[in-house]
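See below for data14.txt, which holds compact mmCIF, C-alpha atoms.
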```txt
# COMPACT_ATOMS: atom_id res chain seq x y z
CA MET A 96 9.47 -15.35 -6.24
CA LYS A 97 9.23 -17.08 -9.60
CA ARG A 98 6.14 -19.10 -10.36
CA GLN A 99 6.91 -22.83 -10.63
CA ILE A 100 5.35 -24.71 -13.53
CA THR A 101 5.92 -28.04 -15.22
CA LYS A 102 8.13 -28.43 -18.27
CA GLY A 103 5.11 -29.16 -20.48
CA ASN A 104 3.25 -26.04 -19.37
CA PHE A 105 6.36 -23.93 -19.88
CA ALA A 106 6.69 -25.24 -23.43
CA LEU A 107 3.04 -24.38 -24.10
CA ILE A 108 3.46 -20.85 -22.74
CA SER A 109 6.62 -20.39 -24.80
CA LYS A 110 4.79 -21.51 -27.93
CA GLU A 111 1.86 -19.15 -27.30
CA LEU A 112 4.14 -16.21 -26.55
CA GLY A 113 6.05 -16.98 -29.73
CA TYR A 114 2.78 -16.76 -31.64
CA PHE A 115 1.94 -13.44 -29.96
CA GLU A 116 5.39 -12.13 -30.87
CA SER A 117 5.04 -13.17 -34.52
CA SER A 118 1.61 -11.54 -34.61
CA GLY A 119 3.04 -8.26 -33.35
CA LEU A 120 1.04 -8.29 -30.12
CA ILE A 121 4.17 -8.30 -27.94
CA THR A 122 7.86 -7.64 -28.49
CA GLU A 123 10.70 -10.11 -28.05
CA GLU A 124 11.78 -8.31 -24.87
CA GLN A 125 8.29 -8.66 -23.43
CA LYS A 126 8.22 -12.35 -24.30
CA LEU A 127 11.57 -12.99 -22.61
CA GLY A 128 10.51 -10.92 -19.59
CA ILE A 129 7.36 -13.02 -19.16
CA LEU A 130 9.27 -16.30 -19.53
CA GLU A 131 11.77 -15.20 -16.88
CA THR A 132 8.96 -15.02 -14.31
CA TYR A 133 8.62 -18.82 -14.46
CA ASP A 134 10.75 -21.52 -12.90
CA VAL A 135 10.50 -24.94 -14.54
CA LYS A 136 10.02 -27.80 -12.08
CA SER A 137 12.47 -30.64 -12.53
CA GLY A 138 10.81 -33.99 -13.05
CA PRO A 139 11.97 -37.34 -11.68
CA ASN A 140 15.67 -37.75 -12.49
CA PHE A 141 16.57 -41.10 -14.08
CA ILE A 142 19.88 -41.43 -12.23
CA ARG A 143 18.24 -40.58 -8.91
CA VAL A 144 15.51 -43.17 -9.49
CA VAL A 145 18.09 -45.85 -10.38
CA VAL A 146 20.35 -45.24 -7.39
CA THR A 147 17.35 -44.99 -5.03
CA ILE A 148 16.04 -48.37 -6.20
CA GLY A 149 19.57 -49.75 -5.87
CA ALA A 150 19.82 -48.48 -2.29
CA ILE A 151 16.46 -50.02 -1.41
CA LEU A 152 17.52 -53.38 -2.89
CA VAL A 153 20.76 -53.29 -0.89
CA GLY A 154 18.78 -52.57 2.27
CA LEU A 155 16.37 -55.43 1.56
CA GLY A 156 19.32 -57.75 0.93
CA ILE A 157 20.94 -56.84 4.24
CA LEU A 158 17.67 -57.31 6.11
CA SER A 159 17.08 -60.63 4.35
CA PHE A 160 20.57 -61.82 5.35
CA ILE A 161 20.04 -60.81 8.96
CA ALA A 162 16.60 -62.42 9.09
CA SER A 163 17.83 -65.72 7.65
CA ASN A 164 20.62 -65.94 10.23
CA TRP A 165 18.80 -64.22 13.09
CA ASP A 166 18.62 -67.13 15.50
CA GLY A 167 22.31 -67.88 15.20
CA ILE A 168 23.51 -64.34 15.96
CA THR A 169 24.04 -63.04 19.50
CA HIS A 170 22.29 -59.89 20.65
CA PHE A 171 25.56 -58.00 20.78
CA VAL A 172 26.43 -58.87 17.18
CA LYS A 173 22.89 -58.00 16.11
CA LEU A 174 23.25 -54.55 17.65
CA LEU A 175 26.64 -54.08 16.01
CA ILE A 176 25.17 -54.96 12.60
CA ILE A 177 22.17 -52.65 13.01
CA PHE A 178 24.13 -49.65 14.27
CA GLY A 179 27.08 -50.34 11.97
CA VAL A 180 24.94 -50.43 8.82
CA PHE A 181 22.95 -47.39 9.96
CA CYS A 182 26.03 -45.29 10.69
CA GLY A 183 27.91 -46.58 7.65
CA VAL A 184 25.29 -45.78 5.00
CA ASN A 185 24.53 -42.38 6.52
CA LEU A 186 28.20 -41.45 6.77
CA ALA A 187 28.77 -42.54 3.17
CA GLY A 188 25.67 -40.63 2.11
CA TYR A 189 26.82 -37.38 3.71
CA GLN A 190 30.34 -37.83 2.29
CA LEU A 191 28.99 -38.28 -1.25
CA THR A 192 26.46 -35.44 -1.05
CA GLU A 193 28.93 -32.90 -2.44
CA THR A 194 30.51 -34.95 -5.23
CA ASN A 195 27.68 -37.35 -6.10
CA PRO A 196 24.52 -35.78 -4.69
CA ARG A 197 22.05 -38.29 -6.12
CA THR A 198 23.95 -41.34 -4.90
CA GLY A 199 24.56 -39.67 -1.54
CA ARG A 200 20.88 -38.83 -1.13
CA SER A 201 19.91 -42.41 -1.98
CA LEU A 202 22.23 -43.73 0.75
CA ILE A 203 20.56 -41.35 3.20
CA TYR A 204 17.22 -42.79 2.11
CA LEU A 205 18.64 -46.23 2.80
CA GLY A 206 19.72 -45.04 6.25
CA THR A 207 16.14 -44.07 7.11
CA LEU A 208 14.94 -47.55 6.11
CA VAL A 209 17.67 -49.19 8.21
CA TYR A 210 16.67 -46.95 11.13
CA GLY A 211 13.06 -48.12 10.89
CA ALA A 212 14.05 -51.75 10.55
CA GLY A 213 16.32 -51.34 13.58
CA ILE A 214 13.38 -50.15 15.70
CA PHE A 215 11.40 -53.31 14.95
CA LEU A 216 14.40 -55.66 15.22
CA ILE A 217 15.56 -54.27 18.58
CA GLY A 218 12.02 -54.41 19.89
CA GLN A 219 11.85 -58.06 18.87
CA MET A 220 15.26 -58.86 20.35
CA TYR A 221 14.49 -57.57 23.83
CA ASN A 222 10.73 -58.20 23.77
CA PHE A 223 9.91 -54.57 24.40
CA GLY A 224 6.27 -53.96 25.14
CA GLY A 225 4.21 -51.09 23.84
CA ASP A 226 1.76 -50.61 21.04
CA PHE A 227 2.66 -51.49 17.47
CA PRO A 228 1.83 -47.97 16.11
CA THR A 229 4.36 -46.47 18.53
CA ALA A 230 7.16 -47.94 16.40
CA PHE A 231 5.95 -45.91 13.42
CA LEU A 232 5.86 -42.80 15.61
CA LEU A 233 9.50 -43.38 16.64
CA TRP A 234 10.41 -44.00 13.01
CA SER A 235 8.73 -40.76 11.95
CA VAL A 236 10.44 -38.79 14.71
CA GLY A 237 13.81 -40.13 13.58
CA VAL A 238 13.25 -39.26 9.90
CA LEU A 239 11.95 -35.76 10.65
CA PRO A 240 15.25 -34.02 11.59
CA ILE A 241 17.02 -35.60 8.61
CA ALA A 242 14.32 -34.28 6.30
CA PHE A 243 14.74 -30.75 7.67
CA GLN A 244 18.53 -30.95 7.61
CA GLN A 245 18.60 -32.19 4.01
CA LYS A 246 15.68 -29.98 2.95
CA ASP A 247 14.31 -33.07 1.22
CA LYS A 248 10.61 -32.98 0.38
CA TYR A 249 10.43 -36.74 -0.15
CA LEU A 250 11.94 -37.54 3.24
CA MET A 251 9.44 -35.16 4.83
CA LEU A 252 6.63 -36.83 2.92
CA PHE A 253 7.85 -40.24 4.13
CA ALA A 254 7.96 -38.99 7.73
CA ASN A 255 4.40 -37.67 7.38
CA LEU A 256 3.16 -40.98 5.97
CA LEU A 257 4.75 -42.82 8.91
CA PHE A 258 3.02 -40.43 11.28
CA LEU A 259 -0.27 -41.03 9.47
CA VAL A 260 0.18 -44.80 9.92
CA TYR A 261 0.71 -44.14 13.63
CA LEU A 262 -2.53 -42.14 13.86
CA LEU A 263 -4.57 -44.68 11.90
CA GLY A 264 -3.13 -47.57 13.90
CA SER A 265 -3.90 -45.92 17.22
CA PHE A 266 -7.68 -46.28 16.86
CA GLU A 267 -7.58 -49.45 18.95
CA GLN A 268 -5.03 -48.01 21.37
CA GLY A 269 -5.00 -45.01 23.68
CA PHE A 270 -5.42 -41.44 22.52
CA PRO A 271 -2.50 -40.35 20.24
CA TYR A 272 -1.32 -37.32 22.22
CA ALA A 273 1.63 -36.93 19.83
CA GLY A 274 -0.87 -35.49 17.37
CA TRP A 275 -1.05 -32.23 19.32
CA LEU A 276 2.57 -31.60 18.35
CA GLY A 277 2.74 -33.55 15.10
CA VAL A 278 -0.13 -31.80 13.28
CA PRO A 279 1.34 -28.26 13.66
CA ILE A 280 4.76 -29.55 12.55
CA VAL A 281 3.46 -30.95 9.25
CA TYR A 282 1.86 -27.60 8.41
CA LEU A 283 4.93 -25.59 9.41
CA ALA A 284 6.94 -27.86 7.13
CA LEU A 285 4.88 -26.65 4.15
CA TYR A 286 6.52 -23.23 4.30
CA TYR A 287 9.97 -24.77 4.77
CA PHE A 288 9.51 -26.99 1.71
CA ASP A 289 8.10 -24.34 -0.67
CA LYS A 290 4.43 -25.18 -0.13
CA SER A 291 4.53 -28.63 -1.73
CA ARG A 292 1.17 -29.93 -3.00
CA GLN A 293 2.02 -33.48 -1.90
CA LEU A 294 2.92 -32.38 1.61
CA LEU A 295 -0.25 -30.31 1.86
CA PHE A 296 -2.38 -33.26 0.74
CA VAL A 297 -0.84 -35.56 3.37
CA ALA A 298 -0.95 -32.83 6.04
CA ASN A 299 -4.69 -32.48 5.48
CA LEU A 300 -5.12 -36.25 5.77
CA ILE A 301 -3.18 -36.24 9.03
CA SER A 302 -5.31 -33.43 10.43
CA LEU A 303 -8.55 -35.16 9.43
CA SER A 304 -7.35 -38.43 10.96
CA PHE A 305 -6.46 -36.68 14.21
CA ILE A 306 -9.85 -34.92 14.34
CA PHE A 307 -11.57 -38.25 13.68
CA ARG A 308 -9.58 -39.83 16.51
CA MET A 309 -10.59 -36.99 18.83
CA ALA A 310 -14.25 -37.46 17.90
CA LEU A 311 -14.00 -41.16 18.74
CA SER A 312 -12.32 -40.41 22.07
CA TYR A 313 -15.33 -38.29 23.09
CA ASP A 314 -17.71 -41.11 22.09
CA LEU A 315 -19.60 -38.92 19.63
CA ASP A 316 -22.54 -40.53 17.92
CA GLY A 317 -22.04 -41.52 14.28
CA LEU A 318 -24.45 -38.81 13.12
CA TYR A 319 -22.48 -36.03 14.81
CA VAL A 320 -19.18 -37.37 13.45
CA ALA A 321 -20.59 -37.47 9.92
CA LEU A 322 -22.08 -33.97 10.26
CA LEU A 323 -18.78 -32.66 11.66
CA PHE A 324 -16.80 -33.93 8.69
CA PHE A 325 -19.51 -32.84 6.25
CA CYS A 326 -19.13 -29.28 7.56
CA ILE A 327 -15.33 -29.52 7.51
CA GLY A 328 -15.51 -30.64 3.88
CA LEU A 329 -17.74 -27.69 2.98
CA VAL A 330 -15.34 -25.28 4.67
CA MET A 331 -12.31 -26.80 2.91
CA TYR A 332 -14.14 -26.52 -0.40
CA GLY A 333 -15.56 -23.05 0.00
CA VAL A 334 -12.99 -21.00 1.91
CA LYS A 335 -10.38 -19.27 -0.24
CA HIS A 336 -6.79 -20.10 0.60
CA THR A 337 -3.56 -18.26 0.01
CA PHE A 338 -1.88 -21.22 -1.71
CA GLU A 339 -2.73 -24.50 -3.43
CA GLN A 340 -6.46 -23.91 -3.27
CA ASP A 341 -7.10 -26.86 -5.61
CA VAL A 342 -5.81 -29.31 -2.99
CA PHE A 343 -8.23 -27.97 -0.37
CA ARG A 344 -11.11 -27.87 -2.86
CA VAL A 345 -10.64 -31.42 -4.10
CA GLN A 346 -10.12 -32.91 -0.64
CA GLY A 347 -12.99 -30.90 0.79
CA HIS A 348 -15.28 -31.93 -2.05
CA ILE A 349 -14.45 -35.61 -1.60
CA LEU A 350 -14.92 -35.29 2.16
CA PHE A 351 -18.36 -33.67 2.11
CA GLY A 352 -19.35 -35.94 -0.79
CA VAL A 353 -18.53 -39.15 1.10
CA THR A 354 -20.08 -37.96 4.36
CA GLY A 355 -23.10 -36.59 2.47
CA VAL A 356 -23.82 -40.03 1.03
CA ILE A 357 -23.37 -41.55 4.50
CA LEU A 358 -25.85 -39.05 5.97
CA THR A 359 -28.55 -40.30 3.60
CA ILE A 360 -28.70 -43.50 5.68
CA PRO A 361 -31.89 -43.24 7.80
CA GLU A 362 -30.56 -45.19 10.80
CA LEU A 363 -28.00 -42.48 11.53
CA TRP A 364 -30.73 -39.99 12.41
CA ASP A 365 -32.16 -42.09 15.27
CA VAL A 366 -30.37 -39.92 17.82
CA LEU A 367 -32.35 -36.81 16.75
CA VAL A 368 -35.78 -38.08 15.71
CA ASN A 369 -37.96 -41.08 16.38
CA ALA A 370 -37.77 -44.20 14.26
CA GLN A 371 -40.81 -43.23 12.17
CA SER A 372 -39.25 -39.95 11.07
CA THR A 373 -35.70 -41.06 10.30
CA ARG A 374 -36.45 -41.93 6.66
CA LEU A 375 -38.20 -38.60 6.08
CA VAL A 376 -35.31 -36.63 7.59
CA SER A 377 -32.72 -38.60 5.61
CA ILE A 378 -34.66 -38.03 2.38
CA LEU A 379 -34.91 -34.30 3.06
CA PHE A 380 -31.16 -34.19 3.65
CA ALA A 381 -30.58 -36.22 0.49
CA LEU A 382 -32.67 -33.77 -1.56
CA ALA A 383 -30.70 -30.82 -0.18
CA PHE A 384 -27.42 -32.67 -0.75
CA VAL A 385 -28.26 -33.56 -4.35
CA ALA A 386 -29.44 -29.99 -4.98
CA LEU A 387 -26.03 -28.75 -3.79
CA LEU A 388 -24.31 -31.25 -6.08
CA PHE A 389 -26.37 -30.13 -9.07
CA PHE A 390 -25.51 -26.53 -8.28
CA LEU A 391 -21.82 -27.45 -8.35
CA ILE A 392 -22.32 -29.48 -11.53
CA ARG A 393 -23.67 -26.35 -13.21
CA LYS A 394 -20.36 -24.71 -12.31
CA GLY A 395 -18.51 -27.54 -14.08
CA SER A 396 -17.65 -29.88 -11.19
CA LEU A 397 -17.00 -33.46 -12.31
CA ILE A 398 -16.61 -34.73 -8.74
CA SER A 399 -20.17 -33.64 -7.98
CA LEU A 400 -21.40 -35.72 -10.90
CA VAL A 401 -19.65 -38.77 -9.43
CA PHE A 402 -21.39 -38.29 -6.07
CA VAL A 403 -24.77 -37.80 -7.75
CA CYS A 404 -24.29 -41.20 -9.39
CA ILE A 405 -23.19 -42.74 -6.07
CA THR A 406 -26.25 -41.31 -4.30
CA ILE A 407 -28.60 -42.61 -7.00
CA PHE A 408 -27.00 -46.05 -6.83
CA ARG A 409 -27.29 -46.02 -3.02
CA TYR A 410 -31.02 -45.42 -3.20
CA TYR A 411 -31.37 -48.00 -5.94
CA THR A 412 -29.81 -50.74 -3.79
CA ASP A 413 -31.68 -49.60 -0.67
CA THR A 414 -35.12 -48.56 -1.89
CA PHE A 415 -35.65 -49.16 -5.57
CA ALA A 416 -34.05 -52.57 -5.92
CA PHE A 417 -37.40 -53.95 -7.09
CA LEU A 418 -37.12 -51.91 -10.31
CA PRO A 419 -35.82 -53.82 -13.34
CA LYS A 420 -32.04 -53.53 -13.58
CA SER A 421 -32.34 -52.78 -17.28
CA LEU A 422 -34.50 -49.72 -16.52
CA PHE A 423 -32.05 -48.51 -13.89
CA PHE A 424 -29.06 -48.78 -16.21
CA ILE A 425 -30.94 -47.17 -19.10
CA VAL A 426 -31.92 -44.19 -16.95
CA GLY A 427 -28.42 -43.97 -15.50
CA GLY A 428 -26.87 -44.13 -18.96
CA LEU A 429 -29.16 -41.42 -20.27
CA LEU A 430 -28.24 -39.21 -17.31
CA LEU A 431 -24.52 -39.70 -17.98
CA LEU A 432 -24.98 -38.97 -21.68
CA ALA A 433 -26.87 -35.78 -20.80
CA PHE A 434 -24.18 -34.72 -18.36
CA GLY A 435 -21.49 -35.53 -20.92
CA PHE A 436 -23.21 -33.31 -23.47
CA TYR A 437 -23.55 -30.57 -20.86
CA PHE A 438 -19.88 -30.74 -19.84
CA GLU A 439 -18.80 -30.72 -23.46
CA ARG A 440 -20.68 -27.47 -23.97
CA MET A 441 -19.18 -26.04 -20.79
CA LYS A 442 -15.64 -27.04 -21.69
CA THR A 443 -14.93 -23.74 -23.39
CA LYS A 444 -16.17 -21.91 -20.26
CA GLY A 445 -13.48 -23.40 -18.02
CA GLY A 446 -15.15 -26.19 -16.04
CA ASN A 447 -13.16 -27.44 -13.07
CA LEU A 448 -12.47 -30.81 -11.51
CA ALA A 449 -13.59 -29.86 -8.02
```

How would this structure read if it were set down as structure tokens?
Amino acid sequence: MKRQITKGNFALISKELGYFESSGLITEEQKLGILETYDVKSGPNFIRVVVTIGAILVGLGILSFIASNWDGITHFVKLLIIFGVFCGVNLAGYQLTETNPRTGRSLIYLGTLVYGAGIFLIGQMYNFGGDFPTAFLLWSVGVLPIAFQQKDKYLMLFANLLFLVYLLGSFEQGFPYAGWLGVPIVYLALYYFDKSRQLLFVANLISLSFIFRMALSYDLDGLYVALLFFCIGLVMYGVKHTFEQDVFRVQGHILFGVTGVILTIPELWDVLVNAQSTRLVSILFALAFVALLFFLIRKGSLISLVFVCITIFRYYTDTFAFLPKSLFFIVGGLLLLAFGFYFERMKTKGGNLA
């Protein structure tokens, strides 16, 4: 399989290979052979963006018309409008897919929006009960087969975001059992959609949300939840992956960084130690956490620097608030200047974001 890169990166590689060819390091055949191993990703298409926005505006106009005349329309007519618009735009979209693929795809996008609006409107018409997040689950389930049939990464991403809304909205409701099936589907979709970075990012968010919901359902103490996600973040950051390792590293780093700062709060440790020892335990954890961050900073991690600053600021507001603000900002500024100088020196050594 060819390696996919952006148009800008391909231009840079072409320029460098041209320099190598002119210097006699490689031949023209070698240069062309190397360039053929790459596949340039297509950026956002102007026509597709225009017709997609147009389809969304049409959908909003139809919904606005229905809403303004809602009370004066019978249920039967309302159903005819909803199903008629849904079937009409989808049929037109599939008919235009061959001759005008961008316009046809935009109409299919519009059909998914009409489908979601229909779920809420029908529920309002007949006063259906049920939890509000369930509507987003039904919407996601309806978009999913269309995304697979069209092999459309953006439809799949939209379906995943709807499913994520369902999971996040279910915190006040019962346990979201649909997650047992939904989480594996979003990861299987990665291979169907050429291992998309965006889909992987959202899939990880969905998994973390589902794990968090499971932890709440078992009434885990806040300390154990924070430690669980701290460990998950470390695993995501440290374990090597077969594809898109940067996504795992960045998300894992942010996850263990956020939970690490949370674990420096003394009150969380009440469940393990007595009240007199909570501050000592939290400080010991904070020292180990900051030491880990400094170790990662030495490897060129900018995210670690951000969490060092957040941790320092946390202790300033909690413990050292009596210090003059001017002294705090001077020390903080000097630290940032020192880190900036350090990163500038490391730039040639290939420092990384995560």

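Proximity to Gly277 in chain A at 12 Å, evaluated using all atoms listed in the file and with sequence-adjacent residues fewer than 2 positions away removed, yields Leu232, Ser235, Val236, Leu239, Ala254, Asn255, Leu256, Leu257, Phe258, Leu259, Tyr261, Leu262, Pro271, Tyr272, Ala273, Gly274, Trp275, Pro279, Ile280, Val281, Tyr282, Leu283, Ala284, Ala298, Ile301, Ser302, Ser304 and Phe305 of chain A.
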
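If you measure from each of A:Arg308, A:His348, A:Lys335, A:Arg292 to Gly269 in chain A using only C-alpha atoms, the closest one turns out to be A:Arg308.
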
Within 7 Å of Gly199 in chain A, counting all atoms listed in the file, which residues show up once you throw out same-chain ones fewer than 6 positions away? Write them as a ChimeraX atom specification, please. /A:187-189,191-192

Phe105 in chain A environment, 8 Å, only C-alpha atoms, sequence neighbours closer than 4 positions dropped, as a tab-separated table (two decimals) with C-alpha atoms, keeping the file's coordinate frame:
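Listed below is the output, around_23.tsv:
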```tsv
chain	number	residue	atom	x	y	z
A	100	ILE	CA	5.35	-24.71	-13.53
A	101	THR	CA	5.92	-28.04	-15.22
A	109	SER	CA	6.62	-20.39	-24.80
A	133	TYR	CA	8.62	-18.82	-14.46
A	135	VAL	CA	10.50	-24.94	-14.54
```

Separation of CA of Leu107 in chain A and CA of Gly119 in chain A, in Å? 18.6 Å

If I take CA of Asp314 in chain A and CA of Ile360 in chain A, how far is one from the other in Å, to one decimal?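 Between CA of Asp314 in chain A and CA of Ile360 in chain A the gap works out to 19.9 Å.
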
May I have the protein, DNA and RNA residues with an atom at most 6 Å from (-17.4, -33.7, 4.6), counting all atoms listed in the file in the file's coordinates, returned as JSON, numbers by chain? {"A": [324, 325, 326, 327, 328, 350, 351, 354]}

Take the point (25.9, -56.2, 16.8) in the file's coordinates, draw a sphere of radius 12 Å around it, and report as a JSON list (two decimals) with C-alpha atoms, in the frame of the given file every protein, DNA or RNA residue with an atom inside or on it, counting all atoms listed in the file.
```json
[["chain", "number", "residue", "atom", "x", "y", "z"],
["A", 161, "ILE", "CA", 20.04, -60.81, 8.96],
["A", 165, "TRP", "CA", 18.80, -64.22, 13.09],
["A", 168, "ILE", "CA", 23.51, -64.34, 15.96],
["A", 169, "THR", "CA", 24.04, -63.04, 19.50],
["A", 170, "HIS", "CA", 22.29, -59.89, 20.65],
["A", 171, "PHE", "CA", 25.56, -58.00, 20.78],
["A", 172, "VAL", "CA", 26.43, -58.87, 17.18],
["A", 173, "LYS", "CA", 22.89, -58.00, 16.11],
["A", 174, "LEU", "CA", 23.25, -54.55, 17.65],
["A", 175, "LEU", "CA", 26.64, -54.08, 16.01],
["A", 176, "ILE", "CA", 25.17, -54.96, 12.60],
["A", 177, "ILE", "CA", 22.17, -52.65, 13.01],
["A", 178, "PHE", "CA", 24.13, -49.65, 14.27],
["A", 179, "GLY", "CA", 27.08, -50.34, 11.97],
["A", 180, "VAL", "CA", 24.94, -50.43, 8.82],
["A", 181, "PHE", "CA", 22.95, -47.39, 9.96],
["A", 213, "GLY", "CA", 16.32, -51.34, 13.58],
["A", 216, "LEU", "CA", 14.40, -55.66, 15.22],
["A", 217, "ILE", "CA", 15.56, -54.27, 18.58],
["A", 220, "MET", "CA", 15.26, -58.86, 20.35]]
```

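One finds CA of Gly395 in chain A at 27.8 Å from CA of Thr412 in chain A.
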